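Reproduced below: run05.csv, with CSV, C-alpha atoms.
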```csv
chain,number,residue,atom,x,y,z
A,133,MET,CA,170.4,84.5,200.7
A,134,MET,CA,168.8,83.9,204.0
A,135,PRO,CA,165.2,85.0,204.5
A,136,GLY,CA,166.2,87.3,207.4
A,137,LEU,CA,168.9,89.1,205.4
A,138,ARG,CA,168.1,92.3,203.5
A,139,LEU,CA,168.4,92.5,199.8
A,140,GLN,CA,171.6,94.1,198.6
A,141,GLY,CA,169.8,96.4,196.2
A,142,CYS,CA,166.9,97.2,198.5
A,143,ARG,CA,168.7,98.3,201.7
A,144,SER,CA,167.5,101.8,201.3
A,145,LEU,CA,163.9,100.5,201.2
A,146,HIS,CA,164.5,98.3,204.3
A,147,LEU,CA,162.9,95.3,202.6
A,148,ASN,CA,164.1,91.8,203.3
A,149,GLU,CA,163.7,89.0,200.9
A,150,ASP,CA,160.3,87.8,202.1
A,151,ASN,CA,158.7,91.2,202.1
A,152,GLY,CA,160.2,92.0,198.7
A,153,ARG,CA,158.8,88.8,197.3
A,154,PHE,CA,155.4,89.6,198.8
A,155,VAL,CA,155.2,93.1,197.4
A,156,LEU,CA,156.4,92.0,194.0
A,157,LEU,CA,153.9,89.1,193.9
A,158,ALA,CA,151.1,91.5,195.0
A,159,LEU,CA,152.0,94.0,192.2
A,160,LEU,CA,152.1,91.2,189.6
A,161,ILE,CA,148.7,89.8,190.7
A,162,ILE,CA,147.2,93.3,190.4
A,163,LEU,CA,148.7,93.7,187.0
A,164,TYR,CA,147.4,90.2,186.1
A,165,LEU,CA,143.9,91.1,187.2
A,166,LEU,CA,143.9,94.3,185.3
A,167,CYS,CA,145.1,92.5,182.1
A,168,GLY,CA,142.5,89.8,182.6
A,169,ALA,CA,139.7,92.3,183.2
A,170,ALA,CA,140.6,94.2,180.0
A,171,VAL,CA,140.7,91.0,177.9
A,172,PHE,CA,137.4,89.6,179.3
A,173,SER,CA,135.7,93.0,179.0
A,174,ALA,CA,136.7,93.3,175.4
A,175,ILE,CA,135.5,89.7,174.6
A,176,GLU,CA,132.3,89.4,176.7
A,177,ARG,CA,130.9,93.0,176.9
A,178,PRO,CA,129.5,93.1,173.3
A,179,SER,CA,127.7,89.8,173.8
A,180,GLU,CA,126.3,91.1,177.1
A,181,LEU,CA,124.9,94.2,175.4
A,182,ARG,CA,123.4,92.2,172.6
A,183,ALA,CA,121.7,89.8,175.1
A,184,HIS,CA,120.3,92.8,177.0
A,185,GLY,CA,118.9,94.2,173.8
A,186,ARG,CA,117.2,90.9,172.8
A,187,TRP,CA,115.8,90.4,176.3
A,188,ASN,CA,114.3,93.9,176.5
A,189,GLY,CA,112.7,93.4,173.0
A,190,THR,CA,111.3,90.0,174.2
A,191,LEU,CA,109.8,91.6,177.3
A,192,LEU,CA,108.2,94.4,175.3
A,193,ASN,CA,106.8,92.0,172.7
A,194,PHE,CA,105.4,89.7,175.4
A,195,SER,CA,103.8,92.6,177.3
A,196,GLU,CA,102.1,94.0,174.2
A,197,THR,CA,101.0,90.5,173.0
A,198,PHE,CA,99.3,89.4,176.2
A,199,ASN,CA,98.4,92.8,177.5
A,200,ILE,CA,100.5,92.6,180.6
A,201,SER,CA,102.3,95.5,182.1
A,202,LEU,CA,106.0,95.5,182.4
A,203,GLN,CA,105.7,96.0,186.2
A,204,GLU,CA,103.6,92.8,186.7
A,205,LEU,CA,105.9,90.9,184.3
A,206,ASN,CA,109.0,91.9,186.3
A,207,SER,CA,107.3,90.9,189.5
A,208,PHE,CA,106.6,87.4,188.1
A,209,LEU,CA,110.3,87.1,186.9
A,210,ARG,CA,111.6,88.0,190.4
A,211,GLU,CA,109.5,85.2,191.9
A,212,TYR,CA,110.9,82.8,189.2
A,213,GLU,CA,114.4,83.8,190.2
A,214,ALA,CA,113.7,82.9,193.8
A,215,ALA,CA,112.4,79.5,192.6
A,216,ILE,CA,115.6,78.9,190.7
A,217,ALA,CA,117.6,79.7,193.9
A,218,ALA,CA,115.6,77.0,195.7
A,219,GLY,CA,116.4,74.5,193.0
A,220,ILE,CA,113.3,74.6,190.9
A,221,ARG,CA,113.7,74.4,187.1
A,222,ALA,CA,111.4,74.3,184.2
A,223,ASP,CA,112.9,70.9,183.2
A,224,ALA,CA,112.6,67.9,185.4
A,225,LEU,CA,115.6,67.7,187.7
A,226,ARG,CA,116.5,65.2,190.4
A,227,PRO,CA,115.6,66.1,194.0
A,228,ARG,CA,118.2,68.4,195.6
A,229,TRP,CA,118.0,67.3,199.2
A,230,ASP,CA,117.6,63.6,199.1
A,231,PHE,CA,120.6,61.6,200.4
A,232,THR,CA,122.3,61.4,197.0
A,233,GLY,CA,121.7,65.1,196.3
A,234,ALA,CA,122.9,66.1,199.8
A,235,PHE,CA,126.0,63.9,199.3
A,236,TYR,CA,126.7,65.7,196.0
A,237,PHE,CA,126.3,69.1,197.8
A,238,VAL,CA,128.7,68.3,200.7
A,239,GLY,CA,131.2,67.1,198.2
A,240,THR,CA,131.2,70.5,196.5
A,241,VAL,CA,131.4,72.2,199.9
A,242,VAL,CA,134.5,70.3,201.3
A,243,SER,CA,136.3,70.5,197.9
A,244,THR,CA,135.6,74.3,197.8
A,245,ILE,CA,134.0,73.9,194.3
A,246,GLY,CA,130.7,75.5,195.3
A,247,PHE,CA,128.6,75.4,192.1
A,248,GLY,CA,125.7,77.3,193.7
A,249,MET,CA,123.1,75.1,192.2
A,250,THR,CA,122.1,73.8,195.6
A,251,THR,CA,122.3,76.1,198.6
A,252,PRO,CA,120.7,75.9,202.1
A,253,VAL,CA,117.8,78.2,202.6
A,254,THR,CA,117.0,77.5,206.3
A,255,VAL,CA,118.8,79.2,209.2
A,256,ALA,CA,119.7,75.9,210.7
A,257,GLY,CA,121.2,74.7,207.4
A,258,LYS,CA,123.3,77.9,207.0
A,259,VAL,CA,124.6,77.8,210.5
A,260,PHE,CA,125.5,74.1,210.2
A,261,LEU,CA,127.2,74.8,206.8
A,262,ILE,CA,129.6,77.3,208.5
A,263,PHE,CA,131.0,74.8,211.0
A,264,TYR,CA,130.8,71.8,208.6
A,265,GLY,CA,132.7,73.6,205.9
A,266,LEU,CA,135.3,74.9,208.4
A,267,LEU,CA,136.4,71.4,209.4
A,268,GLY,CA,135.7,69.7,206.0
A,269,CYS,CA,137.7,72.2,203.9
A,270,ALA,CA,140.7,72.0,206.2
A,271,ALA,CA,140.7,68.2,206.1
A,272,THR,CA,140.3,68.2,202.3
A,273,ILE,CA,143.2,70.6,201.8
A,274,LEU,CA,145.3,68.3,204.1
A,275,PHE,CA,144.2,65.3,201.9
A,276,PHE,CA,145.3,67.2,198.7
A,277,ASN,CA,148.7,68.0,200.3
A,278,LEU,CA,149.2,64.3,201.3
A,279,PHE,CA,148.2,63.3,197.8
A,280,LEU,CA,150.9,65.6,196.3
A,281,GLU,CA,153.5,64.0,198.7
A,282,ARG,CA,152.5,60.5,197.5
A,283,ILE,CA,152.8,61.6,193.9
A,284,ILE,CA,156.3,62.9,194.5
A,285,THR,CA,157.3,59.8,196.3
A,286,LEU,CA,155.9,57.6,193.5
A,287,LEU,CA,157.8,59.6,190.9
A,288,ALA,CA,161.0,59.4,192.9
A,289,VAL,CA,160.7,55.6,193.1
A,290,VAL,CA,160.0,55.2,189.4
A,291,MET,CA,162.7,57.6,188.3
A,292,LYS,CA,165.2,56.0,190.7
A,293,ALA,CA,164.4,52.6,189.2
A,294,VAL,CA,164.8,54.0,185.7
A,295,ARG,CA,168.2,55.5,186.6
A,296,GLU,CA,169.3,52.3,188.2
A,297,ARG,CA,168.4,50.3,185.1
A,298,ARG,CA,170.2,52.7,182.9
A,299,ILE,CA,173.4,52.4,185.0
A,300,ARG,CA,173.2,48.6,185.1
A,301,ASN,CA,172.7,48.4,181.3
A,302,SER,CA,175.6,50.8,180.7
A,303,GLY,CA,177.9,48.4,182.6
A,304,LEU,CA,179.2,51.2,184.9
A,305,LEU,CA,177.8,49.5,188.0
A,306,PRO,CA,180.5,47.9,190.3
A,307,PRO,CA,180.2,44.1,190.4
A,308,GLY,CA,179.9,44.0,194.2
A,309,ILE,CA,176.7,46.1,194.2
A,310,ARG,CA,173.4,44.3,193.6
A,311,HIS,CA,170.2,44.8,195.6
A,312,ASP,CA,171.3,47.6,197.8
A,313,PHE,CA,172.2,49.9,194.9
A,314,SER,CA,169.0,52.1,195.2
A,315,ALA,CA,169.5,52.4,199.0
A,316,TYR,CA,172.6,54.6,198.7
A,317,SER,CA,172.8,55.7,195.0
A,318,LEU,CA,170.7,58.7,195.3
A,319,PRO,CA,170.3,59.6,199.1
A,320,GLY,CA,167.7,62.3,199.7
A,321,TRP,CA,167.1,62.6,195.9
A,322,LYS,CA,163.7,63.8,194.7
A,323,PRO,CA,162.5,64.4,191.2
A,324,SER,CA,162.8,67.9,189.6
A,325,VAL,CA,159.9,70.2,190.1
A,326,TYR,CA,159.6,70.6,186.4
A,327,HIS,CA,159.3,66.8,185.9
A,328,VAL,CA,156.5,66.8,188.6
A,329,MET,CA,154.8,69.7,186.9
A,330,LEU,CA,155.0,68.0,183.5
A,331,ILE,CA,153.6,64.7,184.8
A,332,LEU,CA,150.8,66.4,186.8
A,333,GLY,CA,149.9,68.6,183.8
A,334,LEU,CA,149.7,65.5,181.5
A,335,SER,CA,147.6,63.7,184.0
A,336,ALA,CA,145.2,66.6,184.4
A,337,ILE,CA,144.8,66.9,180.6
A,338,THR,CA,144.2,63.1,180.3
A,339,ILE,CA,141.6,63.1,183.0
A,340,SER,CA,139.9,66.2,181.6
A,341,CYS,CA,139.8,64.7,178.1
A,342,CYS,CA,138.4,61.4,179.3
A,343,ALA,CA,135.8,63.1,181.5
A,344,SER,CA,134.7,65.4,178.7
A,345,ALA,CA,134.3,62.3,176.4
A,346,MET,CA,131.8,61.1,179.1
A,347,TYR,CA,130.0,64.3,179.7
A,348,THR,CA,129.4,65.2,176.1
A,349,PRO,CA,127.0,62.4,175.2
A,350,VAL,CA,125.4,62.0,178.6
A,351,GLU,CA,124.8,65.7,179.4
A,352,GLY,CA,124.3,66.8,175.8
A,353,TRP,CA,127.1,69.4,175.9
A,354,VAL,CA,129.5,70.4,173.2
A,355,TYR,CA,133.0,68.8,173.8
A,356,LEU,CA,134.6,72.3,174.3
A,357,ASP,CA,131.9,73.1,176.9
A,358,SER,CA,132.7,69.8,178.6
A,359,LEU,CA,136.4,70.7,178.7
A,360,TYR,CA,135.5,74.1,180.1
A,361,PHE,CA,133.3,72.4,182.8
A,362,CYS,CA,136.2,70.1,183.7
A,363,PHE,CA,138.7,72.9,184.3
A,364,VAL,CA,136.2,75.1,186.2
A,365,THR,CA,135.3,72.1,188.4
A,366,PHE,CA,138.8,70.5,188.9
A,367,SER,CA,140.3,73.9,189.8
A,368,THR,CA,137.4,74.4,192.3
A,369,ILE,CA,136.3,77.7,190.7
A,370,GLY,CA,132.8,76.3,190.3
A,371,PHE,CA,130.8,79.0,188.4
A,372,GLY,CA,127.6,76.9,188.3
A,373,ASP,CA,126.7,77.6,184.7
A,374,TYR,CA,127.4,73.9,183.9
A,375,VAL,CA,126.8,71.3,186.5
A,376,SER,CA,126.9,67.5,185.9
A,377,SER,CA,124.5,64.9,187.2
A,378,GLN,CA,121.5,67.2,187.6
A,379,SER,CA,118.9,65.5,185.4
A,380,ALA,CA,116.2,63.4,187.0
A,381,SER,CA,117.3,60.2,185.3
A,382,TYR,CA,120.2,59.0,183.1
A,383,GLU,CA,120.9,55.8,181.2
A,384,TYR,CA,123.1,53.7,183.5
A,385,GLN,CA,122.6,56.3,186.2
A,386,SER,CA,124.4,54.6,189.0
A,387,LEU,CA,127.5,53.9,186.8
A,388,TYR,CA,127.5,57.5,185.6
A,389,ARG,CA,127.4,59.0,189.1
A,390,VAL,CA,130.2,56.7,190.3
A,391,ALA,CA,132.3,57.7,187.3
A,392,ASN,CA,131.4,61.4,187.8
A,393,PHE,CA,132.6,61.2,191.4
A,394,PHE,CA,135.8,59.4,190.4
A,395,PHE,CA,136.7,62.0,187.7
A,396,MET,CA,136.0,64.9,190.0
A,397,LEU,CA,138.1,63.4,192.8
A,398,MET,CA,141.1,62.6,190.6
A,399,GLY,CA,140.8,65.9,188.6
A,400,VAL,CA,140.7,68.1,191.7
A,401,CYS,CA,143.7,66.2,193.3
A,402,CYS,CA,145.7,66.6,190.1
A,403,ILE,CA,144.9,70.3,189.5
A,404,TYR,CA,145.4,71.2,193.1
A,405,SER,CA,148.8,69.5,193.2
A,406,LEU,CA,149.6,71.2,189.9
A,407,PHE,CA,148.8,74.6,191.3
A,408,ASN,CA,151.2,73.9,194.2
A,409,VAL,CA,154.0,73.0,191.9
A,410,ILE,CA,153.4,76.0,189.7
A,411,SER,CA,153.5,78.2,192.8
A,412,ILE,CA,157.0,76.9,193.5
A,413,VAL,CA,158.1,77.8,189.9
A,414,ILE,CA,156.5,81.3,190.4
A,415,LYS,CA,158.5,81.7,193.6
A,416,GLN,CA,161.7,80.9,191.7
A,417,VAL,CA,160.8,83.4,189.1
A,418,LEU,CA,160.2,86.0,191.8
A,419,ASN,CA,163.5,85.3,193.4
A,420,TRP,CA,165.2,85.7,190.0
A,421,ILE,CA,163.4,89.1,189.4
A,422,LEU,CA,164.4,90.3,192.9
A,423,GLU,CA,168.0,89.4,192.3
A,424,LYS,CA,168.0,91.3,189.0
A,425,MET,CA,166.3,94.3,190.6
A,426,SER,CA,168.7,94.4,193.5
A,427,CYS,CA,171.6,95.1,191.1
A,428,LEU,CA,169.5,97.3,188.7
A,429,PHE,CA,168.3,99.8,191.2
A,430,CYS,CA,171.3,99.9,193.6
A,431,GLN,CA,173.8,102.6,192.9
A,432,ARG,CA,176.4,100.8,195.1
A,433,CYS,CA,176.4,97.9,192.7
A,434,SER,CA,177.1,100.2,189.7
A,435,LYS,CA,180.0,101.8,191.6
A,436,ALA,CA,181.4,98.5,192.7
A,437,GLN,CA,181.6,97.4,189.0
A,438,ALA,CA,184.1,100.1,188.4
A,439,PHE,CA,186.4,98.8,191.1
A,440,LEU,CA,186.0,95.2,190.0
A,441,GLY,CA,187.9,95.9,186.8
A,442,ARG,CA,190.9,97.2,188.8
A,443,ARG,CA,191.9,93.9,190.4
A,444,ASN,CA,195.0,95.3,192.3
A,445,ALA,CA,193.3,98.5,193.5
A,446,ILE,CA,192.5,98.9,197.2
A,447,ARG,CA,189.1,100.2,197.9
A,448,PRO,CA,188.8,102.0,201.3
A,449,GLY,CA,185.9,100.6,203.2
A,450,SER,CA,183.5,102.7,205.4
A,451,LYS,CA,183.5,102.5,209.1
A,452,GLY,CA,180.3,100.6,209.1
A,453,ARG,CA,181.7,98.0,206.8
A,454,GLN,CA,184.9,97.7,208.8
A,455,GLY,CA,182.8,97.3,211.9
A,456,ARG,CA,180.8,94.5,210.3
A,457,LEU,CA,183.9,92.8,209.1
A,458,ALA,CA,185.4,93.0,212.6
A,459,HIS,CA,182.6,91.0,214.1
A,460,ALA,CA,182.5,88.5,211.2
A,461,PRO,CA,183.6,85.0,212.2
A,462,ASP,CA,187.1,84.0,211.1
A,463,SER,CA,187.5,81.4,208.4
A,464,GLU,CA,189.8,78.5,209.2
A,465,GLY,CA,190.7,77.7,205.6
A,466,PRO,CA,191.3,79.7,202.4
A,467,CYS,CA,188.4,81.2,200.4
A,468,ASP,CA,186.9,78.9,197.9
A,469,SER,CA,186.5,81.6,195.2
A,470,ASP,CA,187.8,85.0,194.3
A,471,THR,CA,184.3,86.4,194.8
A,472,GLU,CA,184.1,85.1,198.4
A,473,GLY,CA,187.5,86.7,199.1
A,474,ARG,CA,186.3,90.1,197.8
A,475,ARG,CA,183.2,89.8,199.9
A,476,LEU,CA,185.1,89.0,203.1
A,477,SER,CA,187.7,91.7,202.5
A,478,GLY,CA,185.3,94.5,201.8
A,479,GLU,CA,185.6,94.1,198.0
A,480,MET,CA,189.4,94.4,198.3
A,481,ILE,CA,191.5,91.8,196.5
A,482,SER,CA,194.3,90.4,198.8
A,483,MET,CA,197.3,88.3,197.8
A,484,LYS,CA,196.2,85.5,200.1
A,485,ASP,CA,192.9,85.2,198.3
A,486,LEU,CA,194.4,85.4,194.9
A,487,ALA,CA,197.1,82.8,195.8
A,488,ALA,CA,194.4,80.5,197.1
A,489,SER,CA,192.6,80.6,193.8
A,490,ASN,CA,195.7,79.7,191.7
A,491,LYS,CA,198.6,78.6,193.8
A,492,VAL,CA,200.9,76.9,191.3
A,493,SER,CA,200.9,79.4,188.5
A,494,LEU,CA,201.2,82.3,190.9
A,495,ALA,CA,204.1,80.7,192.7
A,496,LEU,CA,205.9,80.2,189.4
A,497,MET,CA,205.2,83.7,188.2
A,498,GLN,CA,206.5,85.2,191.5
A,499,LYS,CA,209.7,83.0,191.4
A,500,GLN,CA,210.4,84.2,187.8
A,501,LEU,CA,209.9,87.8,188.9
A,502,SER,CA,212.3,87.3,191.8
A,503,GLU,CA,215.0,85.8,189.6
A,504,SER,CA,214.5,88.6,187.1
A,505,ALA,CA,214.8,91.3,189.7
A,506,ASN,CA,218.0,89.7,191.3
A,507,GLY,CA,219.5,88.8,187.9
A,508,TYR,CA,220.1,85.1,188.8
A,509,PRO,CA,218.4,82.3,190.7
A,510,ARG,CA,218.9,83.1,194.3
A,511,THR,CA,219.0,80.8,197.3
A,512,VAL,CA,218.4,82.0,200.8
A,513,CYS,CA,221.5,81.9,202.9
A,514,GLY,CA,221.7,80.7,206.5
A,515,SER,CA,222.3,84.2,207.8
A,516,SER,CA,219.1,85.5,206.4
A,517,ARG,CA,217.2,82.7,208.0
A,518,HIS,CA,219.1,83.4,211.2
A,519,ASN,CA,218.0,87.0,211.1
A,520,GLY,CA,214.4,86.0,210.8
A,521,PHE,CA,213.8,87.1,207.2
A,522,SER,CA,212.4,84.4,205.0
A,523,GLY,CA,213.4,84.2,201.3
A,524,GLY,CA,210.0,84.3,199.7
A,525,VAL,CA,209.3,85.0,196.1
A,526,GLY,CA,208.2,88.0,194.1
A,527,ALA,CA,208.0,91.5,195.5
A,528,LEU,CA,207.8,90.1,199.0
A,529,GLY,CA,211.0,88.0,198.5
A,530,ILE,CA,212.9,91.0,197.1
A,531,MET,CA,211.9,93.1,200.1
A,532,ASN,CA,212.9,90.4,202.6
A,533,ASN,CA,216.3,89.9,200.8
A,534,ARG,CA,217.0,93.6,200.9
A,535,LEU,CA,216.2,93.7,204.6
A,536,ALA,CA,218.4,90.7,205.2
A,537,GLU,CA,221.4,92.3,203.4
A,538,THR,CA,220.9,95.5,205.3
A,539,SER,CA,220.8,93.5,208.5
A,540,ASN,CA,224.0,91.6,207.7
A,541,SER,CA,225.8,94.8,206.7
A,542,ARG,CA,225.0,96.2,210.0
```
Represent the supplied structure as structure tokens.
Amino acid sequence: MMPGLRLQGCRSLHLNEDNGRFVLLALLIILYLLCGAAVFSAIERPSELRAHGRWNGTLLNFSETFNISLQELNSFLREYEAAIAAGIRADALRPRWDFTGAFYFVGTVVSTIGFGMTTPVTVAGKVFLIFYGLLGCAATILFFNLFLERIITLLAVVMKAVRERRIRNSGLLPPGIRHDFSAYSLPGWKPSVYHVMLILGLSAITISCCASAMYTPVEGWVYLDSLYFCFVTFSTIGFGDYVSSQSASYEYQSLYRVANFFFMLMGVCCIYSLFNVISIVIKQVLNWILEKMSCLFCQRCSKAQAFLGRRNAIRPGSKGRQGRLAHAPDSEGPCDSDTEGRRLSGEMISMKDLAASNKVSLALMQKQLSESANGYPRTVCGSSRHNGFSGGVGALGIMNNRLAETSNSR
């Protein structure tokens, strides 16, 4: 189905394939968001209420113990929140805006991670971030796309080599073909989208597990929290609740920062490429759903099924359909399938289309019918050919023979 053509089951809605896919995807995303909100609300809401209760009790206890009013205490807490936004913590942290800290920040900007731990506070910094991020994010997205192309090319080369070796080992390769086998064996071939998705998924899992094994002892996190941080970071969600390389000093600090940069780069590339491949699979699922919906909600499809059972019945077409068929380009050869014949003839089965699908058996059947109708095997005489009536077989042959006999009698 071409993108510009309308869906067969959605003609009354005047939706083409692209618009139908867009509307269906929007509805599914809204449904997905509603389900996610319900699940997270059921899981996290009780913990939030308990945390509020504990915090209110702590504030009240602190206010009574040190004889400080709640208003003064809340004013102090607001100032502390502003200090946190500026990068000040109770524990010793590395400087945010030295060269290494700024490099870490711009890396989170162009990769669209955006942890939120470091943010510009000056007007000049905010203005520069707008233009810097505009160009940097576009260039990084292009880099991710080129990375995906290289991954697909690499997989194609490897899988071609494996296929070539299997054919050589099976002994099916012609003896005259040697080094130029891969040049023409699979022209234009590319690996399946499911193979690419599987390999990218395994690569992302491997990188996440290795990175988590590094973050757990260095940052002091639980291994599950490290896996959570890897997914949030590699998928460029970047909540900011867990951020690596924030302490003032580490053991083997230079090596750790290089490894941290490498894991983030490879993880973001793999997850971004995996998202692109998954989007292709989602698009295929949407096309399948639209195809099912086009026949489910279309009354014309249900009416057509009744006529498909009567293979010799002629279905009168509407004027609009006859007009469309009149302007359709003529086919030089016979139809490849019975379905194509019904489509071109307005869902009417013709003898030409039926004969094209099964020539031999149909000709034998028609010849037997002709002989049975005439009582003996009949040959066409010269007079009938002279009169312009061909012998033929079946019902058409019987009619031509009767016309020939009538013409000769006259």
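What separates CA of Leu422 in chain A from CA of Arg153 in chain A is a distance of 7.3 Å.
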Test item: residues at most 12 Å from Thr272 in chain A, all atoms listed in the file, excluding those fewer than 6 positions along its chain, as a compact mmCIF listing (two decimals) with C-alpha atoms, in the coordinates of the input:
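What ended up in selection_32.txt:
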```txt
# COMPACT_ATOMS: atom_id res chain seq x y z
CA VAL A 238 128.70 68.30 200.70
CA GLY A 239 131.20 67.10 198.20
CA THR A 240 131.20 70.50 196.50
CA VAL A 241 131.40 72.20 199.90
CA VAL A 242 134.50 70.30 201.30
CA SER A 243 136.30 70.50 197.90
CA THR A 244 135.60 74.30 197.80
CA ILE A 245 134.00 73.90 194.30
CA TYR A 264 130.80 71.80 208.60
CA GLY A 265 132.70 73.60 205.90
CA LEU A 266 135.30 74.90 208.40
CA LEU A 278 149.20 64.30 201.30
CA PHE A 279 148.20 63.30 197.80
CA LEU A 397 138.10 63.40 192.80
CA VAL A 400 140.70 68.10 191.70
CA CYS A 401 143.70 66.20 193.30
CA TYR A 404 145.40 71.20 193.10
```
* **Separation of CA of Ser405 in chain A from CA of Ile283 in chain A, in Å and rounded to one decimal** => 8.9 Å
* Which neighbours of Met291 in chain A fall inside 10 Å, counting only C-alpha atoms, when residues of the same chain fewer than 5 positions from it are skipped, and could you give them as a ChimeraX atom specification? -> /A:285-286,296-297,322-323
Give me, as a short mmCIF file (atom, residue, chain, number, x, y, z; two decimals) with C-alpha atoms, in the frame of the given file, all polymer residues having an atom no more than 9 Å from range 248-251 of chain A, counting all atoms listed in the file and skipping those fewer than 4 positions away in the same chain.
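Resulting contents of selection_26.cif:
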```
data_model
loop_
_atom_site.label_atom_id
_atom_site.label_comp_id
_atom_site.auth_asym_id
_atom_site.auth_seq_id
_atom_site.Cartn_x
_atom_site.Cartn_y
_atom_site.Cartn_z
CA ILE A 216 115.60 78.90 190.70
CA ALA A 217 117.60 79.70 193.90
CA ALA A 218 115.60 77.00 195.70
CA GLY A 219 116.40 74.50 193.00
CA ARG A 228 118.20 68.40 195.60
CA TRP A 229 118.00 67.30 199.20
CA GLY A 233 121.70 65.10 196.30
CA ALA A 234 122.90 66.10 199.80
CA PHE A 237 126.30 69.10 197.80
CA GLY A 257 121.20 74.70 207.40
CA LYS A 258 123.30 77.90 207.00
CA GLY A 370 132.80 76.30 190.30
CA PHE A 371 130.80 79.00 188.40
CA GLY A 372 127.60 76.90 188.30
CA ASP A 373 126.70 77.60 184.70
CA VAL A 375 126.80 71.30 186.50
#
```
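In this structure, CA of Glu149 in chain A sits 25.2 Å away from CA of Leu406 in chain A.
Once Ile339 in chain A and its same-chain neighbours fewer than 6 positions away are set aside, A:Leu332, A:Gly333, A:Ala345, A:Met346, A:Ser358, A:Leu359, A:Cys362, A:Phe363, A:Phe366, A:Ala391, A:Asn392, A:Phe394, A:Phe395, A:Met396, A:Leu397, A:Met398, A:Gly399, A:Val400, A:Cys401, A:Cys402, A:Ile403 remain within 12 Å of it when counting all atoms listed in the file.
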* **Which residue of A:Thr365, A:Ala336, A:Asn408, A:Asn419 approaches Leu280 in chain A most closely, using all atoms listed in the file** => A:Asn408
